[in-house]
>>> print(open('protein.txt').read())   # compact mmCIF, C-alpha atoms and all ligand atoms
# COMPACT_ATOMS: atom_id res chain seq x y z
CA MET N 296 85.79 187.45 61.41
CA SER N 297 84.09 184.20 60.55
CA ALA N 298 85.37 181.75 57.99
CA GLU N 299 83.52 180.66 54.91
CA ILE N 300 82.56 176.99 55.20
CA ILE N 301 83.84 174.98 52.24
CA ASP N 302 80.98 172.66 51.31
CA GLY N 303 82.80 169.50 50.28
CA LYS N 304 79.58 167.54 50.21
CA ALA N 305 78.02 169.85 47.62
CA PHE N 306 81.22 169.96 45.53
CA ALA N 307 81.42 166.16 45.67
CA ALA N 308 77.78 165.86 44.54
CA GLY N 309 78.60 168.00 41.49
CA LEU N 310 81.65 165.89 40.68
CA ARG N 311 79.65 162.69 41.05
CA SER N 312 76.99 163.89 38.65
CA ARG N 313 79.63 164.87 36.05
CA VAL N 314 81.20 161.41 36.47
CA GLY N 315 77.75 159.85 36.10
CA ALA N 316 77.14 161.62 32.78
CA LEU N 317 80.53 160.50 31.44
CA ALA N 318 79.96 156.95 32.73
CA GLY N 319 76.77 156.85 30.65
CA ALA N 320 78.70 157.98 27.57
CA PHE N 321 81.36 155.34 28.28
CA GLU N 322 78.72 152.60 28.41
CA LYS N 323 77.24 153.79 25.09
CA ALA N 324 80.66 153.81 23.45
CA THR N 325 81.85 150.43 24.73
CA GLY N 326 78.71 148.44 25.51
CA ARG N 327 79.83 147.86 29.09
CA LYS N 328 79.85 149.74 32.37
CA ALA N 329 83.00 150.98 34.08
CA GLY N 330 83.62 148.70 37.07
CA LEU N 331 85.12 149.19 40.53
CA ALA N 332 86.14 146.26 42.76
CA VAL N 333 86.38 146.94 46.48
CA VAL N 334 88.03 144.39 48.75
CA LEU N 335 87.36 144.40 52.49
CA VAL N 336 89.19 142.04 54.84
CA GLY N 337 87.73 141.67 58.33
CA GLU N 338 84.85 143.20 60.21
CA ASP N 339 86.08 146.67 61.19
CA PRO N 340 82.81 148.64 61.56
CA ALA N 341 84.19 151.94 60.20
CA SER N 342 85.63 150.15 57.14
CA GLN N 343 82.28 148.43 56.57
CA VAL N 344 80.52 151.80 56.54
CA TYR N 345 83.01 153.23 54.01
CA VAL N 346 82.82 150.19 51.76
CA ARG N 347 79.03 150.32 51.77
CA SER N 348 78.97 154.02 50.86
CA LYS N 349 81.56 153.48 48.11
CA GLY N 350 79.44 150.68 46.62
CA LYS N 351 76.29 152.80 46.73
CA ALA N 352 78.00 155.80 45.13
CA THR N 353 79.46 153.57 42.40
CA LEU N 354 76.02 152.26 41.43
CA GLU N 355 74.52 155.76 41.58
CA ALA N 356 77.13 156.95 39.09
CA GLY N 357 76.04 154.23 36.65
CA MET N 358 79.08 152.06 37.22
CA GLU N 359 79.39 148.41 38.21
CA SER N 360 80.39 147.62 41.80
CA PHE N 361 82.09 144.36 42.78
CA GLU N 362 82.39 143.83 46.53
CA HIS N 363 84.67 141.17 47.99
CA ARG N 364 84.34 140.62 51.72
CA LEU N 365 86.91 138.27 53.18
CA PRO N 366 87.21 136.93 56.72
CA ASP N 367 89.68 138.44 59.18
CA ASP N 368 91.93 135.36 59.02
CA THR N 369 92.40 135.50 55.22
CA SER N 370 96.02 134.78 54.34
CA GLU N 371 98.18 137.28 52.49
CA ALA N 372 98.61 134.72 49.69
CA ASP N 373 94.84 134.37 49.23
CA LEU N 374 94.37 138.14 49.21
CA VAL N 375 97.14 138.60 46.65
CA ALA N 376 95.57 135.82 44.54
CA LEU N 377 92.24 137.69 44.59
CA VAL N 378 93.97 140.93 43.57
CA ARG N 379 95.65 139.13 40.67
CA SER N 380 92.33 137.70 39.50
CA LEU N 381 90.86 141.24 39.56
CA ASN N 382 93.88 142.49 37.58
CA ALA N 383 92.99 139.95 34.91
CA ASP N 384 89.21 140.59 34.93
CA PRO N 385 88.17 142.75 31.95
CA ALA N 386 84.99 143.91 33.78
CA VAL N 387 87.11 145.49 36.52
CA ASP N 388 88.69 148.90 35.79
CA GLY N 389 89.53 149.95 39.32
CA ILE N 390 90.69 147.98 42.37
CA LEU N 391 90.57 149.27 45.94
CA VAL N 392 91.76 147.21 48.89
CA GLN N 393 90.37 148.87 51.99
CA LEU N 394 93.03 149.81 54.55
CA PRO N 395 94.00 149.09 57.25
CA LEU N 396 94.47 145.36 56.69
CA PRO N 397 94.72 142.83 59.56
CA LYS N 398 98.17 142.82 61.16
CA HIS N 399 99.29 139.48 59.72
CA ILE N 400 99.06 140.87 56.17
CA ASP N 401 101.80 143.05 54.68
CA GLU N 402 99.95 146.03 53.18
CA ASN N 403 102.86 146.91 50.90
CA ALA N 404 102.87 143.42 49.39
CA VAL N 405 99.15 143.64 48.63
CA ILE N 406 99.36 147.15 47.16
CA ALA N 407 102.31 146.07 45.01
CA ALA N 408 100.19 143.25 43.55
CA ILE N 409 97.60 145.68 42.14
CA ASP N 410 98.00 146.48 38.44
CA PRO N 411 99.15 150.16 38.50
CA ASP N 412 96.71 150.89 35.66
CA LYS N 413 93.80 149.72 37.88
CA ASP N 414 95.19 151.32 41.04
CA VAL N 415 92.47 153.96 41.46
CA ASP N 416 93.66 154.67 45.04
CA GLY N 417 97.03 155.74 43.64
CA PHE N 418 98.87 153.81 46.38
CA HIS N 419 101.10 151.62 44.15
CA PRO N 420 104.77 152.72 44.17
CA VAL N 421 104.60 153.14 40.39
CA ASN N 422 101.84 155.73 40.79
CA ALA N 423 103.61 157.39 43.73
CA GLY N 424 106.70 157.61 41.50
CA ARG N 425 104.70 159.00 38.61
CA LEU N 426 103.30 161.72 40.88
CA ALA N 427 106.75 162.54 42.22
CA THR N 428 108.24 162.84 38.73
CA GLY N 429 105.37 164.63 37.01
CA LEU N 430 104.12 161.72 34.89
CA HIS N 431 100.49 160.78 34.31
CA GLY N 432 99.18 158.26 36.81
CA PHE N 433 96.59 157.79 39.52
CA VAL N 434 96.67 160.30 42.36
CA PRO N 435 95.36 159.29 45.81
CA CYS N 436 91.71 160.31 46.13
CA THR N 437 91.84 162.29 49.36
CA PRO N 438 94.69 164.66 48.40
CA LEU N 439 93.29 165.13 44.90
CA GLY N 440 89.92 166.03 46.43
CA CYS N 441 91.65 168.55 48.71
CA ILE N 442 93.39 170.21 45.73
CA MET N 443 90.08 170.47 43.89
CA LEU N 444 88.52 172.28 46.87
CA LEU N 445 91.53 174.59 47.21
CA LYS N 446 91.58 175.54 43.52
CA ASP N 447 87.84 176.08 43.55
CA ARG N 448 88.19 178.51 46.45
CA LEU N 449 91.53 180.18 45.71
CA GLY N 450 92.07 179.81 41.95
CA ASP N 451 95.80 179.94 41.25
CA LEU N 452 97.77 178.55 44.23
CA SER N 453 101.14 179.65 42.86
CA GLY N 454 103.49 181.18 45.44
CA LEU N 455 101.25 180.49 48.43
CA ASP N 456 102.77 179.10 51.62
CA ALA N 457 101.27 175.67 52.33
CA VAL N 458 101.78 173.53 55.42
CA VAL N 459 100.79 169.87 55.38
CA ILE N 460 100.62 168.27 58.81
CA GLY N 461 101.18 164.53 58.40
CA ARG N 462 103.50 162.57 56.10
CA SER N 463 101.66 159.31 55.41
CA ASN N 464 101.91 157.70 51.98
CA ILE N 465 98.16 157.94 51.51
CA VAL N 466 97.52 161.56 52.51
CA GLY N 467 100.39 163.79 53.67
CA LYS N 468 103.10 162.94 51.12
CA PRO N 469 100.92 162.97 47.98
CA MET N 470 99.22 166.14 49.28
CA ALA N 471 102.60 167.84 49.51
CA GLN N 472 103.49 166.66 45.98
CA LEU N 473 100.27 168.11 44.58
CA LEU N 474 100.75 171.47 46.32
CA LEU N 475 104.31 171.57 44.97
CA LYS N 476 102.96 170.88 41.49
CA GLU N 477 100.69 173.92 41.97
CA SER N 478 103.84 175.94 42.80
CA CYS N 479 103.13 176.43 46.49
CA THR N 480 106.01 176.73 48.92
CA VAL N 481 105.44 173.52 50.84
CA THR N 482 106.33 172.58 54.40
CA ILE N 483 105.62 169.07 55.68
CA ALA N 484 105.17 168.83 59.45
CA HIS N 485 105.01 165.62 61.47
CA SER N 486 105.34 164.24 64.98
CA ARG N 487 108.97 165.38 65.29
CA THR N 488 108.27 168.93 64.16
CA ARG N 489 109.37 171.52 66.71
CA ASP N 490 106.90 174.29 67.49
CA LEU N 491 104.12 173.22 65.16
CA ALA N 492 102.08 176.32 66.04
CA ASP N 493 104.87 178.52 64.70
CA VAL N 494 105.10 176.50 61.45
CA VAL N 495 101.33 176.62 60.95
CA ARG N 496 101.22 180.40 61.56
CA ARG N 497 103.21 181.04 58.36
CA ALA N 498 100.75 179.21 56.15
CA ASP N 499 98.21 180.56 53.68
CA ILE N 500 97.02 176.96 53.26
CA VAL N 501 96.89 174.43 56.11
CA VAL N 502 96.13 170.78 55.39
CA ALA N 503 95.69 168.72 58.56
CA ALA N 504 96.08 164.93 58.21
CA VAL N 505 97.19 163.78 61.64
CA GLY N 506 94.51 161.63 63.21
CA ARG N 507 94.38 163.62 66.47
CA PRO N 508 91.01 165.09 67.33
CA GLN N 509 90.83 168.91 67.33
CA MET N 510 94.60 169.29 67.69
CA ILE N 511 95.08 172.38 65.48
CA ARG N 512 93.73 175.44 67.17
CA GLY N 513 92.51 178.79 65.90
CA ASP N 514 95.27 180.78 67.62
CA TRP N 515 97.89 178.85 65.55
CA LEU N 516 96.47 180.15 62.26
CA LYS N 517 97.38 183.12 60.13
CA PRO N 518 94.21 185.25 59.83
CA GLY N 519 92.46 184.50 56.55
CA ALA N 520 94.21 181.13 55.98
CA THR N 521 92.41 178.38 54.08
CA VAL N 522 92.11 175.27 56.26
CA ILE N 523 91.53 171.78 54.88
CA ASP N 524 90.74 169.28 57.61
CA VAL N 525 91.33 165.70 56.48
CA GLY N 526 90.99 164.17 59.95
CA ILE N 527 88.16 161.80 60.73
CA ASN N 528 88.02 161.07 64.44
CA ARG N 529 85.16 159.57 66.39
CA ILE N 530 84.96 161.05 69.89
CA MET N 531 82.51 160.88 72.76
CA ASP N 532 80.63 164.15 73.17
CA THR N 533 80.70 164.90 76.91
CA GLU N 534 77.47 166.93 76.80
CA THR N 535 75.30 164.49 74.89
CA ALA N 536 77.22 161.28 75.82
CA LYS N 537 76.98 160.26 72.15
CA GLY N 538 79.71 159.49 69.65
CA ARG N 539 80.41 162.20 67.10
CA LEU N 540 82.82 162.85 64.25
CA VAL N 541 85.43 165.60 64.52
CA GLY N 542 88.43 166.61 62.45
CA ASP N 543 92.07 167.25 63.34
CA VAL N 544 91.26 170.96 63.56
CA ASP N 545 89.41 172.57 66.46
CA PHE N 546 86.64 173.85 64.21
CA ASP N 547 85.08 176.47 66.51
CA SER N 548 88.29 178.35 67.30
CA ALA N 549 89.68 177.91 63.76
CA ALA N 550 86.53 179.25 62.10
CA LYS N 551 87.03 182.55 63.95
CA VAL N 552 90.46 183.12 62.36
CA ALA N 553 90.52 181.24 59.04
CA GLY N 554 89.30 182.69 55.76
CA ALA N 555 87.74 179.37 54.81
CA ILE N 556 87.56 175.92 56.37
CA THR N 557 86.24 172.47 55.56
CA PRO N 558 83.85 170.95 58.11
CA VAL N 559 83.93 167.37 59.43
CA PRO N 560 81.72 165.68 58.41
CA GLY N 561 80.77 167.16 55.04
CA GLY N 562 84.20 168.36 53.92
CA VAL N 563 87.00 166.19 52.60
CA GLY N 564 85.33 162.78 53.25
CA PRO N 565 82.69 163.05 50.52
CA MET N 566 85.38 164.30 48.10
CA THR N 567 87.40 161.12 48.64
CA ILE N 568 84.53 158.99 47.37
CA ALA N 569 83.72 161.29 44.44
CA VAL N 570 87.37 161.28 43.31
CA LEU N 571 87.44 157.48 43.60
CA LEU N 572 84.61 157.33 41.05
CA ARG N 573 86.44 159.86 38.88
CA ASN N 574 89.64 157.80 38.97
CA THR N 575 87.69 154.65 38.10
CA LEU N 576 86.13 156.34 35.09
CA VAL N 577 89.56 157.55 33.94
CA ALA N 578 90.93 154.00 34.36
CA ALA N 579 88.05 152.58 32.31
CA HIS N 580 88.72 154.98 29.44
CA ARG N 581 92.44 154.20 29.42
CA LEU N 582 91.93 150.44 29.59
CA ALA N 583 89.28 150.53 26.83
CA GLY N 584 91.37 152.87 24.67
CA VAL N 585 88.52 155.41 24.60
CA PRO N 586 89.79 158.99 24.70
CA LEU N 587 88.67 161.28 27.51
CA ALA N 588 89.27 165.01 27.16
CA LYS N 589 92.10 166.12 29.48
CA ASP N 590 89.96 168.50 31.51
CA ALA N 591 86.69 166.55 31.23
CA ILE N 592 86.69 165.91 35.00
N1 LIG J 601 88.66 162.31 54.82
C1 LIG J 601 89.17 161.22 54.25
O1 LIG J 601 88.74 160.83 53.21
C2 LIG J 601 90.32 160.52 54.88
C3 LIG J 601 90.62 160.82 56.18
N2 LIG J 601 91.70 160.26 56.79
C4 LIG J 601 91.99 160.72 58.15
O2 LIG J 601 93.13 161.58 58.10
C5 LIG J 601 93.92 161.45 59.27
C6 LIG J 601 95.34 161.06 58.87
O3 LIG J 601 95.33 159.83 58.20
P1 LIG J 601 96.69 159.07 57.77
O4 LIG J 601 97.55 159.99 56.99
O5 LIG J 601 96.28 157.78 57.20
O6 LIG J 601 97.32 158.83 59.24
P2 LIG J 601 98.73 158.24 59.71
O7 LIG J 601 98.53 157.82 61.10
O8 LIG J 601 99.26 157.31 58.70
O9 LIG J 601 99.69 159.52 59.70
C7 LIG J 601 99.55 160.55 60.63
C8 LIG J 601 100.65 161.57 60.47
O10 LIG J 601 100.48 162.57 61.47
C9 LIG J 601 101.71 162.79 62.13
N3 LIG J 601 101.49 163.15 63.53
C10 LIG J 601 101.06 162.36 64.54
N4 LIG J 601 101.02 163.05 65.68
C11 LIG J 601 101.44 164.30 65.41
C12 LIG J 601 101.64 165.46 66.18
N5 LIG J 601 101.38 165.49 67.49
N6 LIG J 601 102.09 166.57 65.57
C13 LIG J 601 102.35 166.57 64.25
N7 LIG J 601 102.19 165.50 63.47
C14 LIG J 601 101.74 164.37 64.04
C15 LIG J 601 102.48 161.50 62.02
O11 LIG J 601 103.86 161.79 62.11
P3 LIG J 601 105.01 160.67 62.04
O12 LIG J 601 105.12 160.34 60.58
O13 LIG J 601 106.21 161.37 62.57
O14 LIG J 601 104.54 159.53 62.87
C16 LIG J 601 102.06 161.00 60.64
O15 LIG J 601 102.89 161.50 59.62
C17 LIG J 601 93.18 160.41 60.13
O16 LIG J 601 92.30 161.12 61.00
C18 LIG J 601 92.35 159.63 59.12
O17 LIG J 601 91.20 159.07 59.69
C19 LIG J 601 92.52 159.39 56.11
C20 LIG J 601 92.24 159.03 54.82
C21 LIG J 601 91.09 159.54 54.12
N1 LIG J 602 92.23 151.76 50.27
C1 LIG J 602 91.67 152.73 50.96
N2 LIG J 602 91.31 153.87 50.31
C2 LIG J 602 90.72 154.89 51.00
O1 LIG J 602 90.39 155.94 50.40
C3 LIG J 602 90.49 154.74 52.40
C4 LIG J 602 90.89 153.56 53.02
N3 LIG J 602 91.49 152.58 52.28
N4 LIG J 602 90.72 153.37 54.34
C5 LIG J 602 90.04 154.36 55.16
C6 LIG J 602 90.18 155.75 54.61
C7 LIG J 602 89.15 156.73 55.12
N5 LIG J 602 88.36 157.10 53.97
C8 LIG J 602 87.21 157.88 54.02
C9 LIG J 602 86.29 157.90 52.99
C10 LIG J 602 85.10 158.62 53.09
C11 LIG J 602 84.80 159.32 54.21
C12 LIG J 602 83.50 160.04 54.34
O2 LIG J 602 82.68 160.00 53.43
N6 LIG J 602 83.22 160.70 55.46
C13 LIG J 602 81.98 161.40 55.73
C14 LIG J 602 81.34 160.92 57.02
C15 LIG J 602 81.13 159.45 57.11
C16 LIG J 602 80.65 159.01 58.49
O3 LIG J 602 79.63 159.57 58.95
O4 LIG J 602 81.29 158.13 59.08
C17 LIG J 602 82.26 162.88 55.89
O5 LIG J 602 83.41 163.23 56.25
O6 LIG J 602 81.36 163.67 55.70
C18 LIG J 602 85.73 159.34 55.24
C19 LIG J 602 86.91 158.64 55.14
C20 LIG J 602 88.84 156.46 52.87
N7 LIG J 602 89.90 155.72 53.16
>>> encode(input="protein.txt", output="structure tokens", more="lines below")
Ligand SMILES: NC(=O)C1=CN([C@@H]2O[C@H](COP(=O)(O)OP(=O)(O)OC[C@H]3O[C@@H](n4cnc5c(N)ncnc54)[C@H](OP(=O)(O)O)[C@@H]3O)[C@@H](O)[C@H]2O)C=CC1
Ligand SMILES: Nc1nc(=O)c2c([nH]1)NC[C@@H]1CN(c3ccc(C(=O)N[C@@H](CCC(=O)O)C(=O)O)cc3)C=[N+]21
Amino acid sequence: MSAEIIDGKAFAAGLRSRVGALAGAFEKATGRKAGLAVVLVGEDPASQVYVRSKGKATLEAGMESFEHRLPDDTSEADLVALVRSLNADPAVDGILVQLPLPKHIDENAVIAAIDPDKDVDGFHPVNAGRLATGLHGFVPCTPLGCIMLLKDRLGDLSGLDAVVIGRSNIVGKPMAQLLLKESCTVTIAHSRTRDLADVVRRADIVVAAVGRPQMIRGDWLKPGATVIDVGINRIMDTETAKGRLVGDVDFDSAAKVAGAITPVPGGVGPMTIAVLLRNTLVAAHRLAGVPLAKDAI
């Protein structure tokens, strides 16, 4: 058996073009473009790549992109002051502060300073609380992108056994909340989980968000399972002696057992950016008081 490859890149391209069309309609209705502000502190090369691709995608969708690059030694107070000025800026609908931040800055303090109604990452405790209690709010981009791919492939997820590996605030926990909302039976595994292989073997849906290259192997999977690989790990390829990107799942062995699997790259990553644009467009409509049909995107 060989798994179907879930083409996140193609799905994300479709989502981006739908967002683009609605962004055009928003501009016509309001006379201004929806705007996303991205804040990057420091020179981390991976973060710089992400921020550049977010900016490019924002412009391509017909939205305004505001990039703020701050030096590594920026103080927490200065960063919070910038966030507050973006909260107050009527041209800015969405605010994203790229993580991780330098060690001397308290990430929670910065996230808490973001206006929850501009928090398109969905990281603010108010939005986490809204998700946990079933209220409308912003949902973190990566988990929301994963749910879109799962529903596209499986339709109704109700009653399925789902295992999420990882319990971070930005991926694992909101992912589990979303699967619960879809009426899956959800298990959250983490570094203290005993016999992870045994937990994974029960699952119809496996979401891997660990940060350990190729950790989840094909022989752990239930045959036919749907595997969503969130991991982004840069490793050195021993054969070519070049760096390459791999997920948290050992793709080759998993693809022999799974029913469907997302690749890395080209799976969840592109969805994260497309959902970010979607969330920004939703924020713009709410802030401008322009209605957007519930299932428009
Ligand atoms: N595609 C995309 O758009 C995105 C990809 N990522 C990628 O997803 C991965 C996870 O990111 P993130 O959630 O931020 O990472 P974190 O490091 O915040 O969390 C990792 C989680 O994995 C758990 N874990 C670590 N080791 C093991 C183990 N041996 N067995 C089981 N669980 C383990 C940890 O458990 P514990 O809590 O016990 O420490 C923790 O809950 C990374 O590769 C990251 O690069 C992240 C964001 C977006
Ligand atoms: N405030 C904040 N919000 C985030 O959403 C956020 C963040 N901080 N910090 C870092 C992580 C990581 N992340 C990714 C986004 C896109 C790809 C992506 O597009 N990946 C491509 C490959 C890109 C490459 O080649 O490097 C792919 O998987 O195909 C990956 C990872 C968002 N994150």
>>> residues_near_ligand(input="protein.txt", ligand="ligand LIG 602 (chain J)", cutoff="6 Å", atoms="all atoms listed in the file", output="JSON, numbers by chain")
{"N": [345, 391, 392, 393, 394, 416, 559, 560, 561, 562, 563, 564, 565, 567, 568]}
>>> residues_near_ligand(input="protein.txt", ligand="ligand LIG 601 (chain J)", cutoff="8 Å", atoms="all atoms listed in the file", output="PyMOL selection string")
chain N and resi 436-437+460-467+484-488+491+503-508+510+524-528+542-543+562-568
>>> closest_residue(input="protein.txt", among="N:Val459, N:Ile409, N:Leu381, N:Leu576", to="N:Ala332", atoms="only C-alpha atoms")
N:Leu381
>>> atom_distance(input="protein.txt", atom1="atom CA of N:Gly315", atom2="atom CA of N:Leu430")
26.5 Å
>>> atom_distance(input="protein.txt", atom1="atom CA of N:Leu445", atom2="atom CA of N:Val494")
19.8 Å
>>> closest_residue(input="protein.txt", among="N:Arg448, N:Lys476, N:Lys551, N:Arg573", to="N:Gly513", atoms="only C-alpha atoms")
N:Lys551
>>> atom_distance(input="protein.txt", atom1="atom CA of N:Ala492", atom2="atom CA of N:Leu540")
23.6 Å
>>> residues_around(input="protein.txt", residues="stretch 368-379 of chain N", least_positions_apart="3", cutoff="12 Å", atoms="all atoms listed in the file", output="PDB file with C-alpha atoms, keeping the file's coordinate frame")
ATOM      1  CA  ALA N 332      86.140 146.260  42.760  1.00  0.00           C
ATOM      2  CA  VAL N 333      86.380 146.940  46.480  1.00  0.00           C
ATOM      3  CA  VAL N 334      88.030 144.390  48.750  1.00  0.00           C
ATOM      4  CA  LEU N 335      87.360 144.400  52.490  1.00  0.00           C
ATOM      5  CA  VAL N 336      89.190 142.040  54.840  1.00  0.00           C
ATOM      6  CA  GLY N 337      87.730 141.670  58.330  1.00  0.00           C
ATOM      7  CA  GLU N 338      84.850 143.200  60.210  1.00  0.00           C
ATOM      8  CA  GLU N 362      82.390 143.830  46.530  1.00  0.00           C
ATOM      9  CA  HIS N 363      84.670 141.170  47.990  1.00  0.00           C
ATOM     10  CA  ARG N 364      84.340 140.620  51.720  1.00  0.00           C
ATOM     11  CA  LEU N 365      86.910 138.270  53.180  1.00  0.00           C
ATOM     12  CA  ASN N 382      93.880 142.490  37.580  1.00  0.00           C
ATOM     13  CA  ALA N 383      92.990 139.950  34.910  1.00  0.00           C
ATOM     14  CA  ASP N 384      89.210 140.590  34.930  1.00  0.00           C
ATOM     15  CA  VAL N 387      87.110 145.490  36.520  1.00  0.00           C
ATOM     16  CA  GLY N 389      89.530 149.950  39.320  1.00  0.00           C
ATOM     17  CA  ILE N 390      90.690 147.980  42.370  1.00  0.00           C
ATOM     18  CA  LEU N 391      90.570 149.270  45.940  1.00  0.00           C
ATOM     19  CA  VAL N 392      91.760 147.210  48.890  1.00  0.00           C
ATOM     20  CA  GLN N 393      90.370 148.870  51.990  1.00  0.00           C
ATOM     21  CA  LEU N 396      94.470 145.360  56.690  1.00  0.00           C
ATOM     22  CA  PRO N 397      94.720 142.830  59.560  1.00  0.00           C
ATOM     23  CA  LYS N 398      98.170 142.820  61.160  1.00  0.00           C
ATOM     24  CA  HIS N 399      99.290 139.480  59.720  1.00  0.00           C
ATOM     25  CA  ILE N 400      99.060 140.870  56.170  1.00  0.00           C
ATOM     26  CA  ASP N 401     101.800 143.050  54.680  1.00  0.00           C
ATOM     27  CA  GLU N 402      99.950 146.030  53.180  1.00  0.00           C
ATOM     28  CA  ASN N 403     102.860 146.910  50.900  1.00  0.00           C
ATOM     29  CA  ALA N 404     102.870 143.420  49.390  1.00  0.00           C
ATOM     30  CA  VAL N 405      99.150 143.640  48.630  1.00  0.00           C
ATOM     31  CA  ILE N 406      99.360 147.150  47.160  1.00  0.00           C
ATOM     32  CA  ALA N 407     102.310 146.070  45.010  1.00  0.00           C
ATOM     33  CA  ALA N 408     100.190 143.250  43.550  1.00  0.00           C
ATOM     34  CA  ILE N 409      97.600 145.680  42.140  1.00  0.00           C
ATOM     35  CA  ASP N 410      98.000 146.480  38.440  1.00  0.00           C
ATOM     36  CA  PRO N 411      99.150 150.160  38.500  1.00  0.00           C
ATOM     37  CA  LYS N 413      93.800 149.720  37.880  1.00  0.00           C
ATOM     38  CA  ASP N 414      95.190 151.320  41.040  1.00  0.00           C
TER      39      ASP N 414
END
>>> axis_aligned_box(input="protein.txt", around="stretch 480-488 of chain N", padding_each_side="6 Å", output="lines of an AutoDock Vina configuration file")
center_x = 107.0
center_y = 170.5
center_z = 57.1
size_x = 16.0
size_y = 24.5
size_z = 28.4
>>> closest_residue(input="protein.txt", among="N:Glu477, N:Ala579, N:Gln472, N:Leu331", to="N:Gly450", atoms="only C-alpha atoms")
N:Glu477
>>> residues_near_point(input="protein.txt", point="(100.9, 158.3, 37.6)", cutoff="12 Å", atoms="all atoms listed in the file", output="JSON, numbers by chain")
{"N": [411, 412, 413, 414, 415, 416, 417, 418, 419, 420, 421, 422, 423, 424, 425, 426, 427, 428, 429, 430, 431, 432, 433, 434, 435, 469, 574, 577, 578]}
>>> write_last_selection(input="protein.txt", atoms="C-alpha atoms", output="compact mmCIF listing (two decimals), in the coordinates of the input")
# COMPACT_ATOMS: atom_id res chain seq x y z
CA PRO N 411 99.15 150.16 38.50
CA ASP N 412 96.71 150.89 35.66
CA LYS N 413 93.80 149.72 37.88
CA ASP N 414 95.19 151.32 41.04
CA VAL N 415 92.47 153.96 41.46
CA ASP N 416 93.66 154.67 45.04
CA GLY N 417 97.03 155.74 43.64
CA PHE N 418 98.87 153.81 46.38
CA HIS N 419 101.10 151.62 44.15
CA PRO N 420 104.77 152.72 44.17
CA VAL N 421 104.60 153.14 40.39
CA ASN N 422 101.84 155.73 40.79
CA ALA N 423 103.61 157.39 43.73
CA GLY N 424 106.70 157.61 41.50
CA ARG N 425 104.70 159.00 38.61
CA LEU N 426 103.30 161.72 40.88
CA ALA N 427 106.75 162.54 42.22
CA THR N 428 108.24 162.84 38.73
CA GLY N 429 105.37 164.63 37.01
CA LEU N 430 104.12 161.72 34.89
CA HIS N 431 100.49 160.78 34.31
CA GLY N 432 99.18 158.26 36.81
CA PHE N 433 96.59 157.79 39.52
CA VAL N 434 96.67 160.30 42.36
CA PRO N 435 95.36 159.29 45.81
CA PRO N 469 100.92 162.97 47.98
CA ASN N 574 89.64 157.80 38.97
CA VAL N 577 89.56 157.55 33.94
CA ALA N 578 90.93 154.00 34.36
>>> residues_around(input="protein.txt", residues="N:His580", least_positions_apart="4", cutoff="9 Å", atoms="only C-alpha atoms", output="list in words")
Phe321, Ala329, Asp388, Thr575, Leu576, Gly584, Val585, Pro586 and Leu587 of chain N
>>> decode(input="protein.txt", residues="stretch 334-345 of chain N", atoms="N, CA and C atoms", output="tab-separated table (two decimals), in the first residue's frame")
chain	number	residue	atom	x	y	z
N	334	VAL	N	6.34	41.62	12.92
N	334	VAL	CA	7.45	42.15	13.70
N	334	VAL	C	8.49	41.05	13.87
N	335	LEU	N	9.72	41.36	13.48
N	335	LEU	CA	10.82	40.41	13.63
N	335	LEU	C	11.91	41.04	14.49
N	336	VAL	N	12.26	40.36	15.57
N	336	VAL	CA	13.34	40.85	16.43
N	336	VAL	C	14.55	39.93	16.24
N	337	GLY	N	15.68	40.51	15.86
N	337	GLY	CA	16.90	39.71	15.71
N	337	GLY	C	17.11	39.23	14.30
N	338	GLU	N	18.15	38.40	14.14
N	338	GLU	CA	18.65	38.06	12.81
N	338	GLU	C	18.52	36.58	12.50
N	339	ASP	N	17.72	35.84	13.26
N	339	ASP	CA	17.61	34.40	13.02
N	339	ASP	C	17.30	34.14	11.55
N	340	PRO	N	18.17	33.38	10.84
N	340	PRO	CA	17.99	33.22	9.39
N	340	PRO	C	16.67	32.55	9.02
N	341	ALA	N	16.25	31.52	9.77
N	341	ALA	CA	14.99	30.84	9.45
N	341	ALA	C	13.83	31.82	9.59
N	342	SER	N	13.83	32.61	10.68
N	342	SER	CA	12.76	33.59	10.90
N	342	SER	C	12.73	34.62	9.77
N	343	GLN	N	13.92	35.01	9.31
N	343	GLN	CA	13.98	36.00	8.22
N	343	GLN	C	13.33	35.45	6.95
N	344	VAL	N	13.58	34.16	6.69
N	344	VAL	CA	12.97	33.52	5.50
N	344	VAL	C	11.45	33.53	5.63
N	345	TYR	N	10.93	33.14	6.81
N	345	TYR	CA	9.48	33.08	7.01
N	345	TYR	C	8.86	34.46	6.86
